[in-house]
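Below is one structure; the comments refer to it alone.
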Amino acid sequence: VQLVESGGGLVQPGGSLRLSCAASGFTFSNYVMSWYRQGPGRERELVASITSAGRSTNYVDSVKGRFTISRDVAKNTVYLQMNSLKPEDTAVYYCHARYFAWDNYWGQGTQVTVSS
């Protein structure tokens, strides 16, 4: 099983980034996919999630209207489009896959730094 994140980097405040998470080794279409983040000195928090069929999404209040989660079943990939980035969005972003309470996987994380 692998979850491989990409797309992180350094961006100025107000800029955009798109994170990708390529999944392999499990039935991607059965899993709820999520993005978490952990900023400096902070606990890991759930940023956004999308149901297995992609019909429903959820966001933490601090990113609503700025971030969009989506999934492409054909490519076994989940995305996080991040717009209007703020310094407080600086964190390591992790991809997560969950199948009910029975099974879950984590990616290795990708660093996002928002700074001028």
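Here, A, B, ... name the chains of the structure tokens in the order displayed, residue numbers run from 1 inside each chain, and ligands are numbered from 1 in the same displayed order.
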Residue contacts of Asn58 in chain A (8 Å, only C-alpha atoms) excluding same-chain residues fewer than 2 positions away, as a PyMOL selection string: chain A and resi 48-50+56+60
Generate the output file for the selected residues, N, CA, C and O atoms, as a tab-separated table (two decimals), in the first residue's frame.
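Result saved to again13.tsv:
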```tsv
chain	number	residue	atom	x	y	z
A	48	ALA	N	-9.66	18.40	5.11
A	48	ALA	CA	-10.75	18.15	4.16
A	48	ALA	C	-10.89	16.66	3.95
A	48	ALA	O	-9.91	15.92	4.04
A	49	SER	N	-12.10	16.22	3.66
A	49	SER	CA	-12.33	14.82	3.34
A	49	SER	C	-13.36	14.70	2.23
A	49	SER	O	-14.17	15.62	2.02
A	50	ILE	N	-13.34	13.56	1.54
A	50	ILE	CA	-14.27	13.31	0.45
A	50	ILE	C	-14.69	11.85	0.54
A	50	ILE	O	-13.87	10.96	0.79
A	56	SER	N	-19.75	13.74	-1.46
A	56	SER	CA	-19.82	14.64	-0.31
A	56	SER	C	-18.42	15.00	0.16
A	56	SER	O	-17.51	14.17	0.14
A	60	VAL	N	-12.51	21.84	7.27
A	60	VAL	CA	-12.37	22.59	8.52
A	60	VAL	C	-12.73	24.04	8.22
A	60	VAL	O	-12.51	24.54	7.09
```
Requested in this report: Might you pull out every residue within 7 Å of Arg18 in chain A, with only C-alpha atoms counted and same-chain residues fewer than 6 positions away left off, and present them as JSON, numbers by chain?
Outcome: {"A": [7, 79, 80, 81, 82]}
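Excluding range 88-91 of chain A itself and same-chain residues fewer than 2 positions from it, the residues having an atom within 8 Å of it are Arg37, Gln38, Gly39, Pro40, Leu85, Lys86, Tyr93, Gln111, Val112, Thr113 and Val114 of chain A, counting only C-alpha atoms.
Using only C-alpha atoms, the nearest neighbour of Tyr31 in chain A within the list A:Ala53, A:Ile69, A:Leu46, A:Val4 is A:Ala53.
Taking only C-alpha atoms into account, Gln12 in chain A lies nearest to A:Asn83 out of the set A:Asn83, A:Gly109, A:Glu43, A:Trp35.
Each of A:Gly41, A:Tyr36, A:Ala23, A:Asn76 was compared to Val63 in chain A using only C-alpha atoms, and A:Tyr36 turns out to be the nearest.
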Among chain A, which ones does DSSP assign to helix (DSSP H, G or I) (computed from the backbone)? Answer as a ChimeraX atom specification.
/A:28-30,61-63,73-75,87-89
Could you pull out the residues in chain A that DSSP calls strand (DSSP E or B) from the backbone, as a VMD selection string? chain A and resid 2 to 6 9 to 11 17 to 24 32 to 38 45 to 50 57 to 59 67 to 72 77 to 82 91 to 99 103 to 106 110 to 114
Nearest to Asp103 in chain A, restricted to only C-alpha atoms and choosing among A:Val32, A:Leu3, A:Leu17, A:Leu10, comes out as A:Val32
Between CA of Phe67 in chain A and CA of Ser52 in chain A lies a distance of 18.8 Å
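Excluding Ser20 in chain A itself and same-chain residues fewer than 2 positions from it, the residues having an atom within 6 Å of it are A:Glu5, A:Ser6, A:Val78, A:Tyr79, counting only C-alpha atoms.
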Next, the residues of the selection above should be written as a compact mmCIF listing (two decimals), in the first residue's frame with N, CA and C atoms.
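Below you can see result.txt, which holds the result:
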```txt
# COMPACT_ATOMS: atom_id res chain seq x y z
N GLU A 5 2.30 11.70 -1.75
CA GLU A 5 1.89 13.09 -1.93
C GLU A 5 2.92 13.85 -2.76
N SER A 6 2.44 14.85 -3.47
CA SER A 6 3.31 15.74 -4.23
C SER A 6 2.61 17.09 -4.37
N VAL A 78 -6.17 11.63 -5.27
CA VAL A 78 -6.98 12.65 -4.61
C VAL A 78 -6.17 13.95 -4.63
N TYR A 79 -6.89 15.06 -4.77
CA TYR A 79 -6.26 16.36 -4.92
C TYR A 79 -6.73 17.31 -3.81
```
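Put simply, CA of Asn30 in chain A is 6.8 Å away from CA of Tyr99 in chain A.
Using only C-alpha atoms for every distance, the candidate list A:Val1, A:Gln108, A:Arg55, A:Ser115 yields A:Val1 as the residue closest to Phe28 in chain A.
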